[in-house]
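Shown next: my_file-v7.txt, containing compact mmCIF, C-alpha atoms.
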```txt
# COMPACT_ATOMS: atom_id res chain seq x y z
CA MET C 612 98.69 140.05 154.07
CA PHE C 613 98.58 136.60 152.53
CA ALA C 614 96.26 133.89 153.80
CA ILE C 615 98.86 131.30 152.77
CA ASP C 616 102.55 131.92 152.18
CA LEU C 617 104.81 129.01 151.26
CA GLN C 618 108.49 129.77 150.78
CA ASN C 619 110.96 127.29 149.25
CA ILE C 620 109.12 124.21 150.50
CA HIS C 621 110.86 120.85 150.15
CA LYS C 622 109.42 117.52 151.29
CA THR C 623 110.61 113.99 150.63
CA TYR C 624 108.88 111.06 152.29
CA ALA C 625 110.92 108.30 153.93
CA GLY C 626 111.74 105.58 151.42
CA SER C 627 111.02 107.76 148.39
CA THR C 628 113.67 108.47 145.77
CA SER C 629 112.04 111.68 144.54
CA PRO C 630 110.67 114.71 146.43
CA ALA C 631 106.95 115.21 146.88
CA LEU C 632 107.60 118.98 146.88
CA ASN C 633 110.69 120.50 145.36
CA GLY C 634 111.16 124.19 146.09
CA VAL C 635 107.52 125.31 146.12
CA HIS C 636 106.80 129.02 146.39
CA LEU C 637 103.13 129.92 146.65
CA GLN C 638 101.37 133.02 147.97
CA ILE C 639 97.57 133.05 148.22
CA LYS C 640 95.94 136.36 149.05
CA GLU C 641 93.08 136.78 151.48
CA ASP C 642 89.46 136.95 150.32
CA CYS C 643 89.73 134.79 147.20
CA ILE C 644 88.99 131.33 145.84
CA PHE C 645 92.25 129.67 144.85
CA GLY C 646 92.49 126.40 142.92
CA LEU C 647 95.50 124.13 143.40
CA LEU C 648 95.33 121.80 140.41
CA GLY C 649 97.49 118.90 139.31
CA PRO C 650 97.53 115.24 138.27
CA ASN C 651 97.58 112.39 140.78
CA GLY C 652 100.87 112.41 142.68
CA ALA C 653 101.68 115.99 141.71
CA GLY C 654 102.06 117.24 145.30
CA LYS C 655 98.59 118.63 146.07
CA SER C 656 97.88 116.40 149.08
CA THR C 657 101.33 117.04 150.54
CA THR C 658 100.82 120.79 150.18
CA ILE C 659 97.45 120.59 151.93
CA SER C 660 98.89 118.45 154.71
CA LEU C 661 101.63 121.04 155.31
CA MET C 662 99.12 123.90 155.43
CA SER C 663 96.99 121.92 157.87
CA GLY C 664 99.90 121.15 160.17
CA LEU C 665 99.59 117.39 159.66
CA ILE C 666 103.18 117.09 158.44
CA GLN C 667 106.25 119.32 158.47
CA ALA C 668 108.44 120.41 155.58
CA ASP C 669 112.04 119.24 155.38
CA LEU C 670 113.02 122.77 154.34
CA GLY C 671 111.19 126.06 153.92
CA GLU C 672 108.59 128.11 155.75
CA VAL C 673 104.80 127.74 155.92
CA CYS C 674 102.87 130.80 157.14
CA ILE C 675 99.11 131.05 157.55
CA PHE C 676 97.80 134.61 158.06
CA ASN C 677 101.35 135.78 158.64
CA LYS C 678 101.99 133.22 161.41
CA ASN C 679 104.60 130.50 161.12
CA ILE C 680 102.78 127.19 161.41
CA LYS C 681 105.54 125.57 163.49
CA GLN C 682 105.25 128.26 166.17
CA HIS C 683 101.50 128.97 166.07
CA LEU C 684 99.90 125.66 165.06
CA PHE C 685 97.31 125.66 167.86
CA ASP C 686 95.98 129.13 166.99
CA ILE C 687 96.09 128.46 163.26
CA LYS C 688 94.02 125.29 163.52
CA TYR C 689 91.08 127.31 164.84
CA GLN C 690 91.26 129.55 161.78
CA ILE C 691 91.19 126.68 159.28
CA GLY C 692 88.30 124.52 158.17
CA ILE C 693 89.28 121.32 156.37
CA VAL C 694 86.86 119.44 154.12
CA PRO C 695 88.74 116.29 153.09
CA GLN C 696 88.12 114.15 150.02
CA GLU C 697 87.37 111.13 152.21
CA TYR C 698 84.28 111.49 154.37
CA ALA C 699 85.35 112.63 157.85
CA LEU C 700 82.15 111.32 159.41
CA PHE C 701 81.22 108.59 161.88
CA PRO C 702 78.89 106.11 160.14
CA THR C 703 77.33 104.83 163.38
CA LEU C 704 76.30 108.34 164.50
CA THR C 705 73.38 110.33 163.18
CA CYS C 706 73.81 113.41 161.02
CA TYR C 707 73.09 115.71 163.96
CA GLU C 708 75.39 113.77 166.32
CA ASN C 709 78.25 114.06 163.81
CA LEU C 710 77.85 117.80 163.47
CA ARG C 711 77.51 118.32 167.20
CA TYR C 712 80.74 116.35 167.73
CA PHE C 713 82.69 118.49 165.25
CA GLY C 714 81.20 121.67 166.68
CA ASN C 715 82.29 120.59 170.18
CA LEU C 716 85.84 120.07 168.92
CA TYR C 717 86.00 123.79 168.18
CA GLY C 718 84.45 124.82 171.49
CA LEU C 719 80.90 125.33 170.20
CA ARG C 720 78.20 124.33 172.67
CA GLY C 721 74.56 124.60 173.65
CA ALA C 722 71.67 126.36 171.95
CA SER C 723 73.83 128.41 169.58
CA LEU C 724 75.47 125.28 168.15
CA LYS C 725 72.11 123.50 167.88
CA GLN C 726 70.62 126.44 165.97
CA LYS C 727 73.64 126.69 163.71
CA ILE C 728 73.39 123.00 162.81
CA LYS C 729 69.68 123.28 162.11
CA ASP C 730 70.20 126.35 159.91
CA TYR C 731 72.83 124.58 157.81
CA LEU C 732 70.77 121.40 157.52
CA LEU C 733 67.85 123.46 156.25
CA LEU C 734 70.09 125.33 153.81
CA PHE C 735 71.45 122.08 152.39
CA GLY C 736 68.09 120.30 152.25
CA LEU C 737 68.98 117.85 155.01
CA GLU C 738 66.60 118.98 157.75
CA LYS C 739 64.46 115.82 157.49
CA ASN C 740 67.49 113.58 157.88
CA GLU C 741 69.18 114.95 161.00
CA ASP C 742 68.28 111.88 163.11
CA LYS C 743 69.26 109.31 160.48
CA LEU C 744 72.56 107.42 160.60
CA ILE C 745 75.25 108.73 158.28
CA SER C 746 75.69 105.17 157.00
CA SER C 747 72.25 105.44 155.37
CA PHE C 748 73.10 108.63 153.46
CA SER C 749 73.83 108.84 149.74
CA GLY C 750 77.20 110.11 148.53
CA GLY C 751 75.80 113.55 147.78
CA MET C 752 74.24 113.84 151.24
CA LYS C 753 77.51 112.81 152.90
CA ARG C 754 79.38 115.44 150.87
CA ARG C 755 77.03 118.13 152.15
CA VAL C 756 77.39 117.02 155.79
CA ASN C 757 81.17 116.80 155.30
CA LEU C 758 81.16 120.43 154.17
CA ILE C 759 78.99 121.62 157.07
CA ALA C 760 81.35 119.92 159.54
CA GLY C 761 84.27 121.92 158.14
CA ILE C 762 82.64 125.35 158.40
CA LEU C 763 80.64 125.24 161.66
CA HIS C 764 83.33 127.21 163.50
CA ASP C 765 83.44 130.03 160.89
CA PRO C 766 87.03 129.54 159.72
CA LYS C 767 88.93 132.29 157.90
CA LEU C 768 90.47 129.71 155.56
CA ILE C 769 88.63 126.70 154.13
CA ILE C 770 90.65 123.90 152.51
CA LEU C 771 88.49 121.86 150.14
CA ASP C 772 89.96 118.64 148.76
CA GLU C 773 87.76 117.45 145.88
CA PRO C 774 84.54 118.74 147.50
CA THR C 775 82.26 117.55 144.67
CA VAL C 776 83.84 114.23 143.72
CA GLY C 777 81.39 111.40 143.19
CA VAL C 778 78.19 113.45 143.50
CA ASP C 779 75.34 114.08 141.09
CA VAL C 780 74.89 117.27 139.11
CA GLN C 781 72.33 118.72 141.51
CA SER C 782 74.51 118.19 144.60
CA ARG C 783 77.54 119.61 142.81
CA LYS C 784 75.65 122.75 141.83
CA MET C 785 74.29 123.18 145.37
CA ILE C 786 77.77 122.87 146.90
CA ILE C 787 79.49 125.20 144.43
CA ASP C 788 76.72 127.82 144.59
CA PHE C 789 76.83 127.75 148.38
CA LEU C 790 80.60 128.15 148.46
CA LYS C 791 80.55 131.10 146.07
CA ASN C 792 77.93 132.90 148.16
CA TYR C 793 79.59 131.94 151.45
CA GLN C 794 82.97 133.25 150.31
CA ARG C 795 81.50 136.56 149.15
CA GLU C 796 79.46 137.01 152.33
CA LYS C 797 82.19 136.05 154.82
CA LYS C 798 85.13 137.43 152.79
CA ILE C 799 87.20 134.35 153.56
CA THR C 800 89.83 132.46 151.62
CA ILE C 801 89.08 129.13 149.98
CA LEU C 802 91.79 126.74 148.81
CA TYR C 803 90.26 124.20 146.46
CA THR C 804 91.56 121.11 144.67
CA SER C 805 89.67 119.23 142.00
CA HIS C 806 90.00 117.19 138.82
CA HIS C 807 86.85 118.91 137.48
CA LEU C 808 88.70 121.53 135.45
CA GLU C 809 85.58 123.07 133.92
CA GLU C 810 84.27 123.57 137.45
CA ALA C 811 87.62 125.02 138.56
CA GLN C 812 87.70 127.44 135.62
CA GLU C 813 84.38 128.97 136.65
CA PHE C 814 84.79 128.68 140.43
CA CYS C 815 88.30 129.99 141.07
CA ASP C 816 89.60 133.56 141.10
CA ASP C 817 93.18 132.31 140.74
CA ILE C 818 94.76 128.92 140.13
CA ALA C 819 98.15 127.23 140.25
CA ILE C 820 99.05 124.04 138.42
CA ILE C 821 101.49 121.78 140.23
CA ASP C 822 103.29 118.70 138.89
CA HIS C 823 106.26 116.66 140.09
CA GLY C 824 106.39 118.81 143.21
CA LYS C 825 106.82 122.12 141.40
CA ILE C 826 104.45 124.98 140.62
CA LEU C 827 104.29 125.18 136.82
CA ILE C 828 102.02 128.18 136.37
CA GLU C 829 99.90 130.57 138.41
CA GLY C 830 97.31 133.25 137.65
CA GLN C 831 93.70 133.98 136.78
CA PRO C 832 92.13 131.19 134.69
CA LYS C 833 90.79 133.44 131.90
CA ALA C 834 94.03 135.41 131.67
CA LEU C 835 96.10 132.22 131.45
CA ILE C 836 93.82 130.77 128.78
CA GLN C 837 94.25 133.94 126.71
CA GLN C 838 97.99 134.12 127.34
CA TYR C 839 98.62 130.56 126.19
CA GLN C 840 96.00 130.74 123.41
CA VAL C 841 94.19 127.58 124.42
CA LYS C 842 90.50 126.71 124.40
CA ASN C 843 90.00 126.23 128.13
CA LEU C 844 91.71 125.35 131.41
CA GLU C 845 91.67 121.64 130.58
CA SER C 846 93.66 122.26 127.39
CA LEU C 847 96.20 124.33 129.31
CA PHE C 848 96.43 121.62 131.99
CA ILE C 849 97.13 118.90 129.42
CA ASN C 850 99.67 121.05 127.60
CA LEU C 851 101.61 121.56 130.85
CA THR C 852 101.30 118.13 132.46
CA GLY C 853 101.16 115.86 129.40
CA TYR C 854 98.91 113.03 128.28
CA SER C 855 100.46 110.22 130.34
CA VAL C 856 98.05 108.48 132.72
CA ARG C 857 99.14 108.83 136.37
CA GLU C 858 98.87 106.24 139.12
```
Before we go any further, please render this structure as structure tokens.
Amino acid sequence: MFAIDLQNIHKTYAGSTSPALNGVHLQIKEDCIFGLLGPNGAGKSTTISLMSGLIQADLGEVCIFNKNIKQHLFDIKYQIGIVPQEYALFPTLTCYENLRYFGNLYGLRGASLKQKIKDYLLLFGLEKNEDKLISSFSGGMKRRVNLIAGILHDPKLIILDEPTVGVDVQSRKMIIDFLKNYQREKKITILYTSHHLEEAQEFCDDIAIIDHGKILIEGQPKALIQQYQVKNLESLFINLTGYSVRE
């Protein structure tokens, strides 16, 4: 069974003259780390929004764990954890209050939720900051809280949109190391987007490169690098998507 199965997905936004997605086929197996990579405007955010149920395709079928998202959206949402690029946190609440709020959204309550929050704060080195306002946190600290908020309910699929953007080397290593261990331990699926291609090359089991709303290539990073006889994933990415700067 596939964690994610997209079949012939088309999406054009109102007022646009070109499609955001143009016949996308993508199957992501369970129990893997999958990187969806592409330049700005390539279709990554639209793909994530479709998988999350935030928007609907004009044509095609989106299935998550073999369930059509149009028919089973409520059930699917409880199986997905979304960690967006923008901080999904309330600046006027404390760290603990934010995490309790997101836990409550997924039906988590009481002592078990409190203990779970404390365990994650300790794991991420935030235990001394639980009563501080999120507005006082550094970018790296916010990234870590953002991640905790997306996994409190133990999702089977985690969607990570640029999870390490704008953080220092130490925070990036902590986040990536945690995710690797978490994925192995829980045997979940992670869908990951990033512009850090060196990070993606080491982090992902499989990748797909998307541009102009189409999947250009898909496979294991090392195998693709060997197949196309390039130095690394960045070289392959540039060869496929070009040198032009995107908006």
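If you count all atoms listed in the file and draw a sphere of 12 Å around (104.1, 117.7, 159.1), the protein and nucleic acid residues inside it come out as Ile620, His621, Lys622, Thr623, Tyr624, Ser656, Thr657, Thr658, Ile659, Ser660, Leu661, Met662, Ser663, Gly664, Leu665, Ile666, Gln667, Ala668, Asp669, Leu670, Glu672, Val673, Ile680, Lys681 and Leu684 of chain C.
CA of Glu708 (chain C) lies 16.7 Å from CA of Phe735 (chain C).
Atom to atom, CA of Val756 (chain C) and CA of Gly649 (chain C) stand 26.1 Å apart.
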Close residues, Gly761 (chain C) itself excluded, 12 Å, all atoms listed in the file, min 2 positions apart in chain, as a VMD selection string: chain C and resid 688 to 696 698 to 700 709 to 714 716 to 717 728 731 754 to 759 763 to 772 774 801
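The point (94.9, 134.6, 135.1) has these residues within 12 Å of it when all atoms listed in the file are used: Phe645, Gly646, Gln812, Cys815, Asp816, Asp817, Ile818, Ala819, Ile820, Ile828, Glu829, Gly830, Gln831, Pro832, Lys833, Ala834, Leu835, Ile836, Gln837, Gln838, Tyr839, Asn843, Leu844 and Leu847 of chain C.
For Pro650 (chain C), the non-local neighbours within 8 Å, defined as residues at least 6 positions apart in the same chain or in other chains and counting all atoms listed in the file, are C:His806, C:Ile821, C:Asp822, C:Thr852, C:Arg857.
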Separation of CA of Glu741 (chain C) from CA of Glu773 (chain C), in Å and rounded to one decimal: 24.1 Å
Ser749 (chain C) environment, 12 Å, all atoms listed in the file, sequence neighbours closer than 4 positions dropped, as a ChimeraX atom specification: /C:698,702,737,740,743-745,753-756,777-779,782
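Comparing the minimum interatomic distances between Ile687 (chain C) and each of C:Cys674, C:Met785, C:Leu704, C:Ile762, counting all atoms listed in the file, we find that C:Cys674 sits nearest.
Distances to Asn633 (chain C) were evaluated for C:Ala614, C:Val856, C:Leu647, C:Ile826 using all atoms listed in the file, and the minimum falls at C:Ile826.
Taking all atoms listed in the file into account, Asn792 (chain C) lies nearest to C:Ile644 out of the set C:Val635, C:Leu724, C:Leu719, C:Ile644.
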